[in-house]
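Engineer: Pasting my_file.cif here (mmCIF, C-alpha atoms and all ligand atoms):
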```
data_protein
#
loop_
_atom_site.label_atom_id
_atom_site.label_comp_id
_atom_site.auth_asym_id
_atom_site.auth_seq_id
_atom_site.Cartn_x
_atom_site.Cartn_y
_atom_site.Cartn_z
CA MET A 1 25.21 9.01 -4.10
CA GLY A 2 23.56 7.62 -1.01
CA LEU A 3 22.73 11.08 0.22
CA LYS A 4 21.09 12.27 -2.96
CA PHE A 5 17.64 12.56 -1.40
CA LEU A 6 18.84 14.44 1.63
CA SER A 7 18.17 18.15 1.66
CA GLU A 8 21.13 20.45 2.04
CA THR A 9 20.08 21.20 5.61
CA MET A 10 20.09 17.51 6.47
CA GLN A 11 23.51 17.00 4.92
CA GLY A 12 24.72 19.94 6.95
CA MET A 13 23.26 18.41 10.08
CA ILE A 14 24.98 15.11 9.48
CA GLU A 15 28.28 16.78 8.81
CA GLN A 16 27.98 18.96 11.88
CA ASN A 17 27.16 17.48 15.24
CA ILE A 18 23.66 16.03 15.19
CA SER A 19 23.44 16.24 18.97
CA LEU A 20 23.41 20.03 18.69
CA VAL A 21 20.10 19.96 16.86
CA ASN A 22 16.95 20.42 18.92
CA PHE A 23 14.54 17.72 17.85
CA PRO A 24 10.89 18.42 18.67
CA VAL A 25 9.43 17.21 21.96
CA PHE A 26 6.20 15.16 21.89
CA SER A 27 3.62 16.07 24.46
CA GLY A 28 -0.09 16.05 25.12
CA TYR A 29 -2.68 16.69 27.78
CA CYS A 30 -3.94 13.64 29.67
CA ALA A 31 -7.45 14.02 31.07
CA SER A 32 -7.14 11.19 33.61
CA CYS A 33 -4.07 12.74 35.31
CA ASP A 34 -5.04 16.33 34.48
CA LYS A 35 -1.48 16.96 33.32
CA VAL A 36 0.76 17.02 30.27
CA HIS A 37 2.90 13.96 29.53
CA SER A 38 5.87 14.44 27.27
CA LEU A 39 8.62 12.53 25.54
CA SER A 40 11.97 13.85 24.35
CA GLY A 41 13.00 13.82 20.71
CA ALA A 42 16.71 14.08 21.29
CA ASN A 43 18.20 10.65 20.80
CA ALA A 44 15.56 9.33 18.44
CA GLY A 45 16.49 12.16 16.08
CA ARG A 46 19.89 10.54 15.52
CA TYR A 47 18.20 7.25 14.69
CA GLY A 48 15.90 9.21 12.40
CA VAL A 49 18.85 10.61 10.51
CA ALA A 50 20.30 7.09 10.24
CA LEU A 51 16.98 5.88 8.83
CA MET A 52 17.02 8.70 6.26
CA ARG A 53 20.44 7.56 5.12
CA GLU A 54 19.24 4.01 4.89
CA LEU A 55 16.19 4.98 2.84
CA SER A 56 18.44 6.90 0.46
CA GLU A 57 20.94 4.11 0.20
CA ILE A 58 18.73 1.08 -0.27
CA GLY A 59 15.84 2.89 -1.97
CA ARG A 60 13.09 0.68 -0.53
CA ILE A 61 11.38 -0.03 2.78
CA ASP A 62 11.36 -3.85 2.65
CA TYR A 63 14.90 -3.90 4.01
CA LYS A 64 14.34 -7.29 5.65
CA THR A 65 13.83 -8.84 2.22
CA ASP A 66 16.71 -9.88 0.02
CA PHE A 67 17.45 -7.44 -2.81
CA HIS A 68 16.42 -9.99 -5.47
CA ASP A 69 13.00 -10.50 -3.87
CA ALA A 70 12.30 -6.79 -3.27
CA ASP A 71 8.64 -5.87 -3.75
CA PRO A 72 8.27 -2.99 -6.25
CA ARG A 73 5.38 -1.56 -4.18
CA PHE A 74 7.87 -0.78 -1.42
CA SER A 75 10.23 1.29 -3.54
CA ILE A 76 11.08 4.77 -2.25
CA GLN A 77 10.20 6.14 -5.69
CA TYR A 78 6.56 5.84 -4.63
CA LEU A 79 7.13 8.77 -2.24
CA PHE A 80 8.34 10.99 -5.06
CA GLY A 81 5.39 10.27 -7.36
CA PRO A 82 1.77 11.47 -7.38
CA ALA A 83 1.08 10.03 -3.90
CA ARG A 84 3.78 12.36 -2.54
CA GLY A 85 5.83 11.78 0.59
CA GLN A 86 4.81 10.58 4.00
CA MET A 87 5.93 10.61 7.59
CA PHE A 88 8.39 8.14 9.10
CA GLY A 89 9.07 7.72 12.78
CA VAL A 90 11.51 6.09 15.18
CA LEU A 91 11.01 5.29 18.83
CA GLU A 92 13.96 4.57 21.04
CA CYS A 93 12.85 2.36 23.93
CA GLU A 94 14.19 0.11 26.62
CA ASP A 95 13.09 -3.35 27.72
CA ASP A 96 13.02 -4.75 31.27
CA TYR A 97 16.67 -5.76 30.95
CA GLY A 98 17.85 -2.30 29.96
CA SER A 99 18.47 -3.20 26.32
CA VAL A 100 17.69 -0.46 23.84
CA HIS A 101 15.31 -1.16 20.95
CA VAL A 102 14.71 1.18 18.05
CA LEU A 103 11.26 0.77 16.53
CA ARG A 104 10.34 2.26 13.18
CA ALA A 105 7.04 3.21 11.57
CA PHE A 106 5.63 4.76 8.42
CA SER A 107 2.41 6.75 8.64
CA GLY A 108 -0.84 5.17 7.42
CA GLN A 109 -0.44 2.58 4.69
CA TYR A 110 2.58 2.35 2.43
CA ASN A 111 1.31 2.15 -1.13
CA GLY A 112 -1.90 0.51 0.10
CA VAL A 113 -0.19 -1.90 2.49
CA TRP A 114 -0.68 -1.81 6.26
CA GLU A 115 1.95 -4.30 7.35
CA VAL A 116 5.57 -4.47 6.18
CA ASP A 117 8.16 -6.67 7.89
CA GLY A 118 10.56 -4.65 10.08
CA TRP A 119 8.03 -1.85 10.75
CA VAL A 120 5.48 -1.68 13.56
CA GLY A 121 1.94 -2.49 12.50
CA PRO A 122 -1.14 -0.25 12.64
CA LEU A 123 -3.35 0.28 15.68
CA LEU A 124 -6.37 -0.95 13.82
CA ASP A 125 -7.40 -4.54 13.46
CA VAL A 126 -6.34 -5.24 9.85
CA ALA A 127 -8.54 -8.34 9.43
CA GLY A 128 -11.54 -6.35 10.66
CA PHE A 129 -10.65 -3.52 8.29
CA ASN A 130 -10.43 -5.87 5.29
CA ALA A 131 -13.71 -7.51 6.24
CA ILE A 132 -15.61 -4.19 6.31
CA VAL A 133 -14.00 -1.58 4.13
CA PRO A 134 -13.59 -2.90 0.55
CA GLU A 135 -17.25 -3.91 0.25
CA VAL A 136 -18.75 -0.68 1.58
CA ASP A 137 -16.17 1.34 -0.32
CA GLY A 138 -17.36 -0.37 -3.50
CA GLU A 139 -20.97 0.60 -2.74
CA ILE A 140 -19.96 4.20 -2.09
CA LYS A 141 -18.09 4.36 -5.41
CA LYS A 142 -21.06 2.79 -7.23
CA LEU A 143 -23.38 5.45 -5.78
CA GLY A 144 -20.90 8.10 -6.87
CA ARG A 145 -21.10 6.89 -10.48
CA GLN A 146 -24.91 6.89 -10.37
CA ILE A 147 -24.93 10.41 -8.91
CA GLU A 148 -22.68 11.66 -11.71
CA GLN A 149 -25.10 10.41 -14.34
CA LEU A 150 -28.10 12.21 -12.88
CA VAL A 151 -28.91 15.88 -13.34
CA GLN A 152 -30.26 17.91 -10.40
CA GLY A 153 -33.40 16.40 -8.94
CA GLU A 154 -35.05 14.44 -6.17
CA GLN A 155 -33.49 11.09 -7.07
CA ARG A 156 -30.01 12.57 -7.19
CA ASN A 157 -30.45 14.22 -3.77
CA GLN A 158 -31.63 10.91 -2.33
CA LEU A 159 -28.55 9.11 -3.62
CA ILE A 160 -26.28 11.82 -2.23
CA ALA A 161 -27.92 11.47 1.19
CA GLN A 162 -27.59 7.68 0.97
CA ARG A 163 -23.89 7.98 0.15
CA ARG A 164 -23.32 10.38 3.03
CA THR A 165 -24.95 7.97 5.50
CA LEU A 166 -22.90 5.04 4.17
CA SER A 167 -19.62 6.99 4.53
CA ARG A 168 -20.49 8.21 7.98
CA ASN A 169 -21.36 4.71 9.20
CA LEU A 170 -18.22 3.30 7.60
CA MET A 171 -16.08 5.85 9.41
CA LYS A 172 -17.73 4.91 12.70
CA GLU A 173 -17.03 1.24 12.06
CA ILE A 174 -13.41 1.97 11.14
CA HIS A 175 -12.92 4.04 14.30
CA GLY A 176 -14.27 1.11 16.29
CA LEU A 177 -11.30 -0.94 15.05
CA TYR A 178 -8.79 1.32 16.81
CA ARG A 179 -7.85 0.62 20.41
CA LEU A 180 -5.43 2.93 22.16
CA PRO A 181 -3.26 1.51 24.93
CA ASN A 182 -1.17 3.52 27.37
CA PHE A 183 1.60 2.70 29.85
CA ARG A 184 -0.78 2.15 32.74
CA TYR A 185 -2.18 -1.00 31.12
CA ASP A 186 -5.30 0.94 30.26
CA GLU A 187 -6.90 0.57 26.84
CA ARG A 188 -9.68 2.60 25.25
CA LEU A 189 -11.47 2.90 21.98
CA LEU A 190 -10.39 5.83 19.83
CA GLY A 191 -13.82 7.45 20.21
CA GLU A 192 -13.56 7.30 24.01
CA VAL A 193 -10.28 9.24 24.05
CA PHE A 194 -10.96 11.62 21.18
CA GLY A 195 -13.51 14.29 22.06
CA GLY A 196 -15.47 15.56 19.05
CA PRO A 197 -15.46 14.47 15.40
CA ILE A 198 -12.49 12.24 14.56
CA PRO A 199 -10.47 13.29 11.49
CA THR A 200 -9.71 10.59 8.89
CA GLY A 201 -6.39 8.91 9.59
CA THR A 202 -6.40 9.51 13.34
CA GLY A 203 -4.27 6.83 14.99
CA ASP A 204 -2.32 6.19 11.76
CA CYS A 205 0.51 8.65 12.43
CA CYS A 206 3.91 7.25 13.40
CA GLY A 207 3.76 8.41 17.03
CA PRO A 208 0.58 6.49 17.96
CA LYS A 209 1.72 3.41 16.01
CA LEU A 210 5.08 3.34 17.79
CA LEU A 211 3.65 4.00 21.26
CA ASN A 212 1.02 1.31 20.67
CA HIS A 213 3.71 -1.25 19.83
CA ALA A 214 5.85 -0.25 22.81
CA ALA A 215 2.93 -0.38 25.27
CA ARG A 216 1.85 -3.82 24.05
CA ASN A 217 5.39 -5.19 24.24
CA ASN A 218 6.30 -3.76 27.62
CA LEU A 219 8.92 -1.40 26.23
CA LYS A 220 9.60 1.91 27.93
CA PRO A 221 9.77 4.82 25.46
CA LEU A 222 12.89 6.99 25.81
CA SER A 223 12.62 9.28 22.81
CA LEU A 224 10.58 9.74 19.66
CA ALA A 225 11.22 11.44 16.31
CA GLU A 226 9.11 11.85 13.19
CA PHE A 227 10.28 13.15 9.83
CA TYR A 228 8.81 13.66 6.38
CA TRP A 229 10.31 11.87 3.38
CA GLY A 230 9.47 12.39 -0.29
CA LYS A 231 7.87 15.02 -2.47
CA GLU A 232 6.53 17.86 -0.30
CA ASN A 233 2.81 17.72 0.54
CA ARG A 234 0.29 19.84 -1.38
CA SER A 235 0.00 22.57 1.24
CA GLY A 236 3.79 22.76 1.47
CA SER A 237 3.68 22.31 5.26
CA LYS A 238 5.80 19.15 5.14
CA GLN A 239 9.25 19.24 3.61
CA HIS A 240 11.48 16.40 2.55
CA GLY A 241 14.02 15.54 5.26
CA SER A 242 12.48 17.72 8.01
CA PHE A 243 11.57 16.64 11.52
CA TYR A 244 8.16 17.46 12.99
CA SER A 245 6.41 17.01 16.32
CA SER A 246 3.06 15.20 16.47
CA CYS A 247 0.24 16.81 14.49
CA LYS A 248 -2.30 18.95 16.37
CA GLU A 249 -5.49 17.83 14.67
CA LYS A 250 -5.15 14.02 14.83
CA CYS A 251 -2.51 13.23 17.46
CA GLY A 252 -3.07 16.26 19.71
CA PRO A 253 -6.18 14.81 21.43
CA ILE A 254 -4.77 11.26 21.86
CA ILE A 255 -1.02 11.53 22.47
CA GLY A 256 -1.43 12.59 26.13
CA PHE A 257 -3.52 9.50 26.88
CA MET A 258 -1.07 7.24 25.04
CA LEU A 259 1.94 8.64 26.92
CA CYS A 260 0.22 8.21 30.29
CA GLY A 261 2.36 6.13 32.67
CA ILE A 262 5.74 6.41 30.93
CA GLU A 263 7.20 8.42 33.81
CA ASP A 264 6.42 5.57 36.22
CA MET A 265 7.65 2.63 34.18
CA GLU A 266 10.35 0.72 36.03
CA LYS A 267 13.77 1.15 34.49
CA ASN A 268 16.30 -1.66 34.38
CA VAL A 269 14.15 -4.21 36.20
CA ARG A 270 16.00 -7.47 36.18
ZN ZN B 1 -0.42 12.87 13.88
ZN ZN B 2 -1.92 10.55 32.48
#
```
Written as C-alpha cells, that's how I'd like the structure from this file.
Ligand SMILES: [Zn+2]
Ligand SMILES: [Zn+2]
Structural biologist:
Amino acid sequence: MGLKFLSETMQGMIEQNISLVNFPVFSGYCASCDKVHSLSGANAGRYGVALMRELSEIGRIDYKTDFHDADPRFSIQYLFGPARGQMFGVLECEDDYGSVHVLRAFSGQYNGVWEVDGWVGPLLDVAGFNAIVPEVDGEIKKLGRQIEQLVQGEQRNQLIAQRRTLSRNLMKEIHGLYRLPNFRYDERLLGEVFGGPIPTGTGDCCGPKLLNHAARNNLKPLSLAEFYWGKENRSGSKQHGSFYSSCKEKCGPIIGFMLCGIEDMEKNVR
C-alpha cells in the first residue's frame, strides 16, 4: 500500500539494487574559475528513493508534526490535483566532524507556503517578499479586471502598459531578495550571477535551495538528487517518480557559481 504512488520503474529499482542506477550528475560553468564544478548524484539518489517511500507512506510533507495536528495544506494529494506535481530534492552533506546530514527540499512554495518544518527554506527573504508582493500583486490583478472591461482603445492600451511596468518592476524587486552563496564564502545577488533576463522561479529549484542551506551552515555537499512527484507536468517533460538533473533555463546559469569551492572544502576537520 505504501508504494502505491511509485511508478513501476521505481518499484523495480527498489527491488533491484539501487546502487546500479546512474543518478544524474549536477554541474555548471563557473565564470570566476573559468571551469565546470560538479556534484555526484549517486548516494543522494538512495536517499531520494527513501524520501519517495516516505511520501507514499505518510501522505504529507509535515512529517515533523504529529499525525493529529497535520496541516491539510501539506497533504500529498495536493500534488495530484490541478496544481500538479513538483520537484523534491535531497542533499547528502558532511559537517566539520565528518557526520553525514541529509537535507531535503521541495521546489518553490508548497501549496502557497515557503517554509515547512524539516525542509530547507527558500533563498529569498520571506519577510521582504511578504512586504512587497501581495500589495503589488493586488494592484496588478485590479488592472487586469479593468482591462477586461474595456474594448480596444487608448485607455485600454495605457492600462496594459501600466500593468506591464508594474509586473516588470515587481520581478526586479523579487530578484533583489535572492542572494546566492557559494562555498568560497562569496555571496552575490541573483542578477549579478545570472546573465540576461531571469526566468520566473529562478533560485526556487531544490538544488539552489539545498546548496544555499549547506553553504550557510558550513556543510560540505557530497551528492545531490532531484525527483518529480505527483501528476505529470503539462508538457509531459516531468514524470512521477523520475530523477532529473538541474534545469537548464533557471539553474544552468547559477549552479556553477553556487558549487564553487566544494572541491576545496576541508573534509573531516576536527
Ligand atoms: Zn532548476
Ligand atoms: Zn568556481
Engineer: With 8 Å as the cut-off and only C-alpha atoms and all ligand atoms counted, what is the closest atom pair between each nearby residue of chain A and ligand ZN 2 (chain B)? Distances in Å to one decimal, ordered by chain and number, as a tab-separated table.
Structural biologist:
```
residue	atom	partner	partner_atom	distance
A:Tyr29	CA	B:ZN2	ZN	7.8
A:Cys30	CA	B:ZN2	ZN	4.6
A:Ala31	CA	B:ZN2	ZN	6.7
A:Ser32	CA	B:ZN2	ZN	5.4
A:Cys33	CA	B:ZN2	ZN	4.2
A:Asp34	CA	B:ZN2	ZN	6.9
A:Lys35	CA	B:ZN2	ZN	6.5
A:Val36	CA	B:ZN2	ZN	7.3
A:His37	CA	B:ZN2	ZN	6.6
A:Gly256	CA	B:ZN2	ZN	6.7
A:Phe257	CA	B:ZN2	ZN	5.9
A:Leu259	CA	B:ZN2	ZN	7.0
A:Cys260	CA	B:ZN2	ZN	3.9
A:Gly261	CA	B:ZN2	ZN	6.2
```
Engineer: Please return as a PDB file with C-alpha atoms, in the frame of the given file the residues found within 7 Å of ligand ZN 1 (chain B), counting all atoms listed in the file.
Structural biologist:
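Contents of the output file part.pdb:
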```pdb
ATOM      1  CA  THR A 202      -6.400   9.510  13.340  1.00  0.00           C
ATOM      2  CA  CYS A 205       0.510   8.650  12.430  1.00  0.00           C
ATOM      3  CA  GLY A 207       3.760   8.410  17.030  1.00  0.00           C
ATOM      4  CA  SER A 246       3.060  15.200  16.470  1.00  0.00           C
ATOM      5  CA  CYS A 247       0.240  16.810  14.490  1.00  0.00           C
ATOM      6  CA  LYS A 248      -2.300  18.950  16.370  1.00  0.00           C
ATOM      7  CA  LYS A 250      -5.150  14.020  14.830  1.00  0.00           C
ATOM      8  CA  CYS A 251      -2.510  13.230  17.460  1.00  0.00           C
TER       9      CYS A 251
END
```
Engineer: Determine the nearest neighbour of A:Val133 from the options A:Ile262, A:Ile58, A:Ala214, A:Met171, counting all atoms listed in the file.
Structural biologist: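 Nearest to A:Val133: A:Met171.
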Engineer: Choose the residue, out of A:Ser242, A:Pro197, A:Arg184, A:Glu249, that has the smallest atom-to-atom separation from A:Ala215; count all atoms listed in the file.
Structural biologist: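 Distance minimum relative to A:Ala215 lands on A:Arg184.
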Engineer: Quick one, how far is atom CA of A:Lys220 from atom CA of A:Cys93?
Structural biologist: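 Atom-to-atom, atom CA of A:Lys220 to atom CA of A:Cys93, that is 5.2 Å.
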Engineer: Figure out the distance between atom CA of A:His213 and atom CA of A:Tyr110, please, to one decimal in Å.
Structural biologist: 17.8 Å
Engineer: I need the residue nearest A:Asp62 from this list: A:Tyr97, A:Phe106, A:Tyr185, A:Tyr228. Use only C-alpha atoms for the distance.
Structural biologist: A:Phe106
Engineer: Quick one: residues within 12 Å of stretch 134-144 of chain A, all atoms listed in the file, excluding same-chain residues fewer than 2 positions away - as a PDB file with C-alpha atoms, in the frame of the given file?
Structural biologist:
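Produced file around_37.pdb, reproduced below:
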```
ATOM      1  CA  ALA A 127      -8.540  -8.340   9.430  1.00  0.00           C
ATOM      2  CA  GLY A 128     -11.540  -6.350  10.660  1.00  0.00           C
ATOM      3  CA  PHE A 129     -10.650  -3.520   8.290  1.00  0.00           C
ATOM      4  CA  ASN A 130     -10.430  -5.870   5.290  1.00  0.00           C
ATOM      5  CA  ALA A 131     -13.710  -7.510   6.240  1.00  0.00           C
ATOM      6  CA  ILE A 132     -15.610  -4.190   6.310  1.00  0.00           C
ATOM      7  CA  GLN A 146     -24.910   6.890 -10.370  1.00  0.00           C
ATOM      8  CA  ILE A 147     -24.930  10.410  -8.910  1.00  0.00           C
ATOM      9  CA  GLU A 148     -22.680  11.660 -11.710  1.00  0.00           C
ATOM     10  CA  GLN A 149     -25.100  10.410 -14.340  1.00  0.00           C
ATOM     11  CA  LEU A 150     -28.100  12.210 -12.880  1.00  0.00           C
ATOM     12  CA  GLN A 155     -33.490  11.090  -7.070  1.00  0.00           C
ATOM     13  CA  ARG A 156     -30.010  12.570  -7.190  1.00  0.00           C
ATOM     14  CA  ASN A 157     -30.450  14.220  -3.770  1.00  0.00           C
ATOM     15  CA  GLN A 158     -31.630  10.910  -2.330  1.00  0.00           C
ATOM     16  CA  LEU A 159     -28.550   9.110  -3.620  1.00  0.00           C
ATOM     17  CA  ILE A 160     -26.280  11.820  -2.230  1.00  0.00           C
ATOM     18  CA  ALA A 161     -27.920  11.470   1.190  1.00  0.00           C
ATOM     19  CA  GLN A 162     -27.590   7.680   0.970  1.00  0.00           C
ATOM     20  CA  ARG A 163     -23.890   7.980   0.150  1.00  0.00           C
ATOM     21  CA  ARG A 164     -23.320  10.380   3.030  1.00  0.00           C
ATOM     22  CA  THR A 165     -24.950   7.970   5.500  1.00  0.00           C
ATOM     23  CA  LEU A 166     -22.900   5.040   4.170  1.00  0.00           C
ATOM     24  CA  SER A 167     -19.620   6.990   4.530  1.00  0.00           C
ATOM     25  CA  ARG A 168     -20.490   8.210   7.980  1.00  0.00           C
ATOM     26  CA  ASN A 169     -21.360   4.710   9.200  1.00  0.00           C
ATOM     27  CA  LEU A 170     -18.220   3.300   7.600  1.00  0.00           C
ATOM     28  CA  MET A 171     -16.080   5.850   9.410  1.00  0.00           C
ATOM     29  CA  GLU A 173     -17.030   1.240  12.060  1.00  0.00           C
ATOM     30  CA  ILE A 174     -13.410   1.970  11.140  1.00  0.00           C
TER      31      ILE A 174
END
```
